[in-house]
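*Asks:* Please find final26.txt (compact mmCIF, C-alpha atoms and all ligand atoms) on the next line:
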```
# COMPACT_ATOMS: atom_id res chain seq x y z
CA MET A 23 0.00 0.00 0.00
CA LYS A 24 1.25 3.49 -0.85
CA ARG A 25 2.52 5.37 2.20
CA CYS A 26 3.64 8.99 2.37
CA ALA A 27 5.49 10.75 5.20
CA LEU A 28 6.57 14.26 6.06
CA VAL A 29 9.67 14.73 8.23
CA THR A 30 10.32 18.27 9.38
CA GLY A 31 13.99 19.15 9.71
CA GLY A 32 14.96 16.27 7.44
CA SER A 33 18.10 17.88 6.05
CA ARG A 34 20.44 16.71 8.82
CA GLY A 35 20.85 14.62 11.93
CA ILE A 36 17.93 12.65 13.30
CA GLY A 37 15.51 13.93 10.65
CA ALA A 38 17.76 12.86 7.78
CA ALA A 39 18.23 9.41 9.33
CA THR A 40 14.46 9.17 9.86
CA ALA A 41 13.74 10.02 6.22
CA LEU A 42 16.03 7.16 5.16
CA ALA A 43 14.58 4.73 7.70
CA LEU A 44 11.05 5.55 6.52
CA ALA A 45 12.09 5.13 2.88
CA ALA A 46 13.55 1.72 3.76
CA LYS A 47 10.11 0.83 5.20
CA GLY A 48 8.45 1.78 1.91
CA TYR A 49 7.45 5.37 2.58
CA ASP A 50 7.69 8.12 -0.01
CA VAL A 51 9.12 11.02 1.96
CA ALA A 52 8.89 14.82 2.00
CA ILE A 53 11.51 16.60 4.09
CA THR A 54 11.69 20.20 5.15
CA TYR A 55 14.75 22.30 5.82
CA ARG A 56 15.21 25.88 7.02
CA SER A 57 18.47 26.95 5.34
CA GLN A 58 20.50 23.86 4.37
CA ARG A 59 19.08 23.20 0.93
CA VAL A 60 22.09 21.29 -0.40
CA ALA A 61 22.06 18.93 2.58
CA ALA A 62 18.32 18.37 2.12
CA GLU A 63 18.81 17.57 -1.56
CA GLY A 64 21.51 15.06 -0.60
CA VAL A 65 19.05 13.30 1.73
CA ALA A 66 16.41 13.30 -1.02
CA ALA A 67 18.89 11.68 -3.43
CA GLU A 68 19.53 8.92 -0.88
CA VAL A 69 15.78 8.38 -0.46
CA GLU A 70 15.48 8.05 -4.23
CA ARG A 71 18.35 5.54 -4.29
CA LEU A 72 16.19 3.43 -1.96
CA GLY A 73 13.55 3.48 -4.70
CA ARG A 74 11.15 5.92 -3.05
CA LYS A 75 9.88 9.34 -4.08
CA ALA A 76 11.47 12.31 -2.30
CA VAL A 77 10.26 15.90 -2.02
CA VAL A 78 12.29 18.78 -0.58
CA LEU A 79 10.50 21.81 0.88
CA GLN A 80 11.82 24.96 2.55
CA ALA A 81 10.08 26.14 5.71
CA ASP A 82 11.10 28.27 8.64
CA LEU A 83 8.81 26.88 11.31
CA ALA A 84 9.07 30.08 13.32
CA ASP A 85 6.20 31.11 11.02
CA PRO A 86 3.08 29.06 11.89
CA ALA A 87 1.41 29.99 8.59
CA ARG A 88 4.37 28.48 6.71
CA ALA A 89 4.27 25.41 9.00
CA ARG A 90 0.66 24.85 7.92
CA GLU A 91 1.31 25.51 4.27
CA VAL A 92 4.28 23.15 4.01
CA VAL A 93 2.17 20.20 5.21
CA ARG A 94 -0.31 20.88 2.40
CA GLU A 95 2.54 21.15 -0.10
CA ALA A 96 3.96 17.83 1.08
CA ALA A 97 0.60 16.06 0.84
CA ASP A 98 -0.06 17.52 -2.62
CA ALA A 99 3.39 16.56 -3.90
CA LEU A 100 3.26 13.02 -2.47
CA GLY A 101 -0.42 12.37 -3.19
CA GLY A 102 -1.47 11.98 0.47
CA LEU A 103 -0.04 11.88 3.96
CA HIS A 104 0.10 8.91 6.34
CA ALA A 105 2.90 9.90 8.73
CA LEU A 106 4.05 13.19 10.20
CA VAL A 107 7.32 13.40 12.12
CA ASN A 108 7.64 16.69 13.98
CA ASN A 109 11.41 16.67 14.28
CA ALA A 110 12.76 20.13 13.41
CA GLY A 111 14.31 21.92 16.33
CA TYR A 112 17.23 23.82 17.73
CA VAL A 113 18.91 24.46 21.05
CA GLN A 114 19.93 27.75 22.59
CA ARG A 115 22.08 27.44 25.68
CA LEU A 116 21.21 30.29 28.07
CA PRO A 117 20.68 30.56 31.83
CA TRP A 118 16.96 30.98 32.38
CA GLU A 119 17.18 34.61 33.50
CA GLU A 120 18.90 35.56 30.24
CA ILE A 121 16.19 34.08 28.02
CA SER A 122 14.37 37.00 26.40
CA LEU A 123 10.67 36.91 25.66
CA GLU A 124 11.61 36.77 21.98
CA ASP A 125 13.89 33.73 22.60
CA TRP A 126 11.09 32.07 24.56
CA GLU A 127 8.41 32.70 21.95
CA ARG A 128 10.58 31.59 19.03
CA MET A 129 11.51 28.34 20.81
CA LEU A 130 7.88 27.55 21.64
CA THR A 131 6.75 28.41 18.12
CA VAL A 132 9.34 26.28 16.28
CA THR A 133 9.11 23.35 18.70
CA LEU A 134 5.52 23.23 19.89
CA THR A 135 3.25 25.48 17.83
CA ALA A 136 4.64 24.12 14.55
CA ALA A 137 3.93 20.55 15.66
CA PHE A 138 0.38 21.52 16.66
CA VAL A 139 -0.52 23.33 13.44
CA ALA A 140 1.20 20.67 11.30
CA ALA A 141 -0.95 18.01 12.96
CA GLN A 142 -4.10 20.08 12.36
CA VAL A 143 -3.37 20.12 8.63
CA ALA A 144 -2.08 16.53 8.42
CA VAL A 145 -4.90 14.77 10.27
CA PRO A 146 -7.64 15.14 7.62
CA TYR A 147 -5.37 13.41 5.06
CA MET A 148 -4.71 10.59 7.55
CA ALA A 149 -8.37 10.29 8.53
CA GLU A 150 -9.33 10.02 4.87
CA ALA A 151 -6.74 7.25 4.41
CA GLY A 152 -7.93 5.49 7.60
CA PHE A 153 -4.29 5.28 8.71
CA GLY A 154 -2.09 7.81 10.44
CA ARG A 155 1.05 8.08 12.49
CA ILE A 156 2.30 11.20 14.24
CA VAL A 157 5.65 11.14 16.03
CA ASN A 158 6.86 14.13 18.00
CA VAL A 159 10.61 14.29 18.61
CA SER A 160 10.89 15.58 22.14
CA SER A 161 13.98 15.28 24.36
CA LEU A 162 15.49 13.89 27.53
CA ARG A 163 15.28 17.53 28.68
CA ALA A 164 11.48 17.34 28.71
CA LEU A 165 11.88 14.82 31.54
CA THR A 166 14.85 16.28 33.41
CA GLY A 167 14.56 20.02 32.79
CA SER A 168 17.55 22.06 31.67
CA ALA A 169 19.45 24.67 33.66
CA HIS A 170 20.74 26.12 30.37
CA GLY A 171 17.62 25.91 28.23
CA ALA A 172 14.43 26.36 30.20
CA HIS A 173 12.57 27.35 27.03
CA TYR A 174 13.85 24.23 25.21
CA ALA A 175 12.87 21.92 28.09
CA ALA A 176 9.46 23.61 28.48
CA ALA A 177 8.69 23.38 24.76
CA LYS A 178 9.79 19.73 24.62
CA ALA A 179 7.68 18.94 27.72
CA GLY A 180 4.75 20.68 26.00
CA LEU A 181 5.17 18.23 23.13
CA LEU A 182 4.52 15.36 25.56
CA GLY A 183 1.20 16.91 26.63
CA LEU A 184 0.30 17.51 23.00
CA THR A 185 1.19 13.90 22.17
CA LYS A 186 -1.14 12.45 24.81
CA SER A 187 -3.96 14.87 23.96
CA LEU A 188 -3.83 14.11 20.24
CA ALA A 189 -3.52 10.39 20.96
CA LEU A 190 -6.82 10.55 22.84
CA ALA A 191 -8.56 12.68 20.23
CA LEU A 192 -7.33 10.78 17.18
CA ALA A 193 -7.60 7.16 18.34
CA PRO A 194 -11.11 6.84 16.86
CA HIS A 195 -9.66 7.74 13.45
CA GLY A 196 -7.00 5.01 13.48
CA ILE A 197 -4.27 7.59 14.03
CA THR A 198 -1.58 6.96 16.65
CA VAL A 199 0.46 9.73 18.24
CA ASN A 200 3.68 9.10 20.12
CA ALA A 201 6.77 10.93 21.33
CA VAL A 202 10.42 9.97 21.31
CA CYS A 203 12.88 11.44 23.82
CA PRO A 204 16.46 11.16 22.59
CA GLY A 205 19.32 11.65 25.04
CA PHE A 206 22.69 12.68 23.58
CA VAL A 207 22.82 12.09 19.83
CA ALA A 208 25.89 12.70 17.69
CA THR A 209 24.54 15.47 15.43
CA ASP A 210 25.44 19.07 14.62
CA MET A 211 23.12 20.19 17.43
CA ASN A 212 25.47 19.12 20.17
CA ARG A 213 28.74 18.61 18.29
CA GLU A 214 30.35 21.44 20.25
CA VAL A 215 29.26 20.20 23.67
CA LEU A 216 30.32 16.63 22.84
CA GLU A 217 33.71 17.95 21.69
CA LYS A 218 34.21 20.03 24.84
CA ARG A 219 32.68 17.74 27.49
CA GLY A 220 32.49 14.41 25.66
CA ASP A 221 34.32 12.34 28.27
CA GLU A 222 32.25 13.75 31.13
CA ILE A 223 28.98 13.16 29.23
CA ARG A 224 29.89 9.63 28.13
CA ALA A 225 30.77 8.77 31.73
CA GLN A 226 27.16 9.56 32.73
CA ILE A 227 25.62 7.33 30.06
CA PRO A 228 25.35 3.64 31.03
CA LEU A 229 25.95 2.60 27.40
CA GLY A 230 29.03 4.83 27.44
CA ARG A 231 28.47 6.78 24.22
CA ALA A 232 26.20 9.18 22.37
CA ALA A 233 23.55 7.69 20.06
CA GLU A 234 23.94 7.61 16.31
CA PRO A 235 21.04 9.38 14.54
CA ARG A 236 19.96 6.06 12.98
CA GLU A 237 19.38 4.62 16.47
CA VAL A 238 16.72 7.25 17.11
CA ALA A 239 15.40 6.99 13.56
CA ALA A 240 14.85 3.25 14.02
CA VAL A 241 12.39 3.95 16.84
CA VAL A 242 10.64 6.79 15.02
CA SER A 243 10.22 4.72 11.86
CA PHE A 244 8.95 1.75 13.87
CA LEU A 245 6.30 4.02 15.44
CA CYS A 246 5.31 5.02 11.88
CA SER A 247 4.94 1.39 10.77
CA GLU A 248 1.92 -0.88 10.54
CA GLU A 249 3.46 -3.02 13.31
CA ALA A 250 3.20 -0.19 15.85
CA SER A 251 -0.59 -0.16 15.53
CA TYR A 252 -1.32 -0.62 19.26
CA ILE A 253 1.08 1.98 20.65
CA THR A 254 -0.37 5.41 21.20
CA GLY A 255 0.17 8.28 23.62
CA GLU A 256 3.54 6.80 24.59
CA THR A 257 6.81 8.52 25.28
CA ILE A 258 9.78 6.35 24.33
CA SER A 259 13.23 7.28 25.58
CA VAL A 260 16.28 6.53 23.44
CA ASN A 261 18.98 7.65 25.81
CA GLY A 262 21.48 4.86 26.46
CA GLY A 263 20.13 4.42 29.98
CA ILE A 264 20.98 7.91 31.26
CA ARG A 265 17.48 8.18 32.70
CA MET A 266 15.24 5.17 33.37
CA ASP A 267 11.57 5.76 34.22
P1 LIG B 1 20.25 19.09 13.79
O1 LIG B 1 21.19 18.09 13.25
O2 LIG B 1 20.73 20.41 14.28
O3 LIG B 1 19.11 19.36 12.66
C1 LIG B 1 18.07 20.24 12.95
C2 LIG B 1 17.06 20.20 11.83
O4 LIG B 1 15.99 21.10 12.15
C3 LIG B 1 17.64 20.67 10.50
O5 LIG B 1 16.98 19.98 9.47
C4 LIG B 1 17.28 22.15 10.48
O6 LIG B 1 17.20 22.70 9.16
C5 LIG B 1 15.91 22.11 11.13
N1 LIG B 1 15.55 23.38 11.76
C6 LIG B 1 16.21 24.03 12.74
N2 LIG B 1 15.58 25.19 13.03
C7 LIG B 1 14.50 25.26 12.23
C8 LIG B 1 13.46 26.20 12.03
N3 LIG B 1 13.41 27.36 12.70
N4 LIG B 1 12.52 25.94 11.11
C9 LIG B 1 12.57 24.81 10.39
N5 LIG B 1 13.51 23.87 10.51
C10 LIG B 1 14.48 24.10 11.42
O7 LIG B 1 19.38 18.50 14.99
P2 LIG B 1 19.15 17.01 15.52
O8 LIG B 1 20.14 16.75 16.58
O9 LIG B 1 18.98 16.07 14.38
O10 LIG B 1 17.75 17.22 16.26
C11 LIG B 1 16.51 16.81 15.70
C12 LIG B 1 15.46 16.88 16.78
O11 LIG B 1 15.86 16.01 17.85
C13 LIG B 1 15.29 18.27 17.40
O12 LIG B 1 13.95 18.50 17.65
C14 LIG B 1 16.07 18.16 18.70
O13 LIG B 1 15.60 19.06 19.68
C15 LIG B 1 15.82 16.72 19.08
N6 LIG B 1 16.82 16.19 20.00
C16 LIG B 1 18.14 16.11 19.63
C17 LIG B 1 19.06 15.62 20.54
C18 LIG B 1 20.52 15.50 20.20
O14 LIG B 1 21.29 15.11 21.09
N7 LIG B 1 20.96 15.79 18.98
C19 LIG B 1 18.64 15.23 21.80
C20 LIG B 1 17.30 15.32 22.14
C21 LIG B 1 16.40 15.81 21.22
P3 LIG B 1 18.56 23.22 8.40
O15 LIG B 1 19.38 21.99 8.14
O16 LIG B 1 18.08 23.85 7.15
O17 LIG B 1 19.22 24.15 9.34
```
Translate this file's structure into structure tokens.
Ligand code: NAP
*Replies:*
Amino acid sequence: MKRCALVTGGSRGIGAATALALAAKGYDVAITYRSQRVAAEGVAAEVERLGRKAVVLQADLADPARAREVVREAADALGGLHALVNNAGYVQRLPWEEISLEDWERMLTVTLTAAFVAAQVAVPYMAEAGFGRIVNVSSLRALTGSAHGAHYAAAKAGLLGLTKSLALALAPHGITVNAVCPGFVATDMNREVLEKRGDEIRAQIPLGRAAEPREVAAVVSFLCSEEASYITGETISVNGGIRMD
């Protein structure tokens, strides 16, 4: 059966690995990027090498209107939408008292509002297909808080509330909604911190290393599969054991 997915922030890191994992599971994939067009096109070429259709779309998710529009563009280009992975995100390391209102609002908009409006646009396509998967990429920080990113931790925690709420509302439509909380993943996002404090961080992780993006992507793509049909409203940690609930 034809399956189509949209992965926001698919140009690099976890999103890029997720696009490839979904393609390997038979999904045609649309990916969005904010500024790294060349990287996004490279991911699309890899998706096509796996024999699936790939679509590349630019969207700065700080603009909720654009976040809505890009979901429509993805569904139009792919001919439907069965999975939405709200993955795009960024970190900003600041003590909480130095976070400006503008910093706060931008973080919440890109991380939480974009996921909400994207789901609002995506769900009718999924309901029509009688099949839908939404995966929100949250963070370990949603569970632990962050002394140097209160806005990041708050937005990621908000995604967990959104996940459970949508899971309840969308279950009657055959749509599952889940969240994944990665710990430390070897991507551009925390390259600097892993370079500076890598030994200290690895010492705190029972598995003794950061995750590879594909290790998070494997869980996200499983949650988007037929086989994950009875999992909804869940939060799945992929953190090497650094926090066990
Ligand atoms: P990454 O390698 O830095 O990639 C971030 C992606 O998000 C890129 O595709 C980027 O587009 C896109 N993006 C950033 N800001 C955007 C904006 N304003 N509008 C639209 N797209 C935007 O990050 P990553 O490590 O793969 O992280 C992916 C997700 O996992 C994020 O939500 C992050 O919070 C979460 N996470 C990561 C870790 C980790 O250790 N890496 C841990 C926990 C959670 P461009 O390429 O065009 O810039």
*Asks:* So which residues are near ligand LIG 1 (chain B), meaning at most 6 Å away with all atoms listed in the file counted, given back as a VMD selection string?
*Replies:* chain A and resid 31 to 37 55 to 58 81 to 84 109 to 112 132 159 to 162 204 to 212
*Asks:* Quick one: residues within 12 Å of Thr54 in chain A, all atoms listed in the file, excluding same-chain residues fewer than 5 positions away - as number ranges by chain?
*Replies:* A: 27-34, 37-38, 41, 59-63, 65-66, 76-83, 88-89, 91-93, 95-96, 106-111
*Asks:* Enclose range 49-65 of chain A, meaning all of its atoms listed in the file, in a box aligned along x, y and z, pad it by 5 Å on each side, and list the centre and edge lengths in Å to one decimal, as JSON.
*Replies:*
```
{"center_x": 14.8, "center_y": 16.2, "center_z": 2.7, "size_x": 24.6, "size_y": 31.6, "size_z": 18.6}
```
*Asks:* Please compute the CA of Thr135 in chain A-CA of His104 in chain A distance, one decimal, in Å.
*Replies:*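 CA of Thr135 in chain A sits 20.4 Å away from CA of His104 in chain A.
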*Asks:* May I have the residues within 12 Å of Ser247 in chain A as a PyMOL selection string, using only C-alpha atoms and disregarding those fewer than 6 positions away in the same chain?
*Replies:* chain A and resi 23+25-27+43-49+104-106+153-157+197-198+240-241+253
*Asks:* How many Å separate CA of Ala193 in chain A from CA of Thr254 in chain A?
*Replies:*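 Rounded to one decimal, the two atoms are 8.0 Å apart.
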*Asks:* Can you work out which one of A:Gly180, A:Gly73, A:Gly64, A:Gly171 has the shortest atom-to-atom distance to Val113 in chain A, counting only C-alpha atoms?
*Replies:*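 When distances to Val113 in chain A are compared using only C-alpha atoms, the smallest one comes from A:Gly171.
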*Asks:* Can you pull out every residue within 10 Å of Leu182 in chain A, counting all atoms listed in the file, but drop anything in the same chain fewer than 5 positions away, and send it as number ranges by chain?
*Replies:* A: 134, 158-161, 164-165, 177, 187-188, 200-203, 255-257
*Asks:* Using all atoms listed in the file, which protein or nucleic acid residues come within 7 Å of Ala144 in chain A? Drop anything in the same chain fewer than 4 positions from it, and give the result as a VMD selection string.
*Replies:* chain A and resid 93 103 140 148
*Asks:* Output the selection as a PDB file, in the coordinates of the input - C-alpha atoms for each residue.
*Replies:*
```
ATOM      1  CA  VAL A  93       2.170  20.200   5.210  1.00  0.00           C
ATOM      2  CA  LEU A 103      -0.040  11.880   3.960  1.00  0.00           C
ATOM      3  CA  ALA A 140       1.200  20.670  11.300  1.00  0.00           C
ATOM      4  CA  MET A 148      -4.710  10.590   7.550  1.00  0.00           C
TER       5      MET A 148
END
```
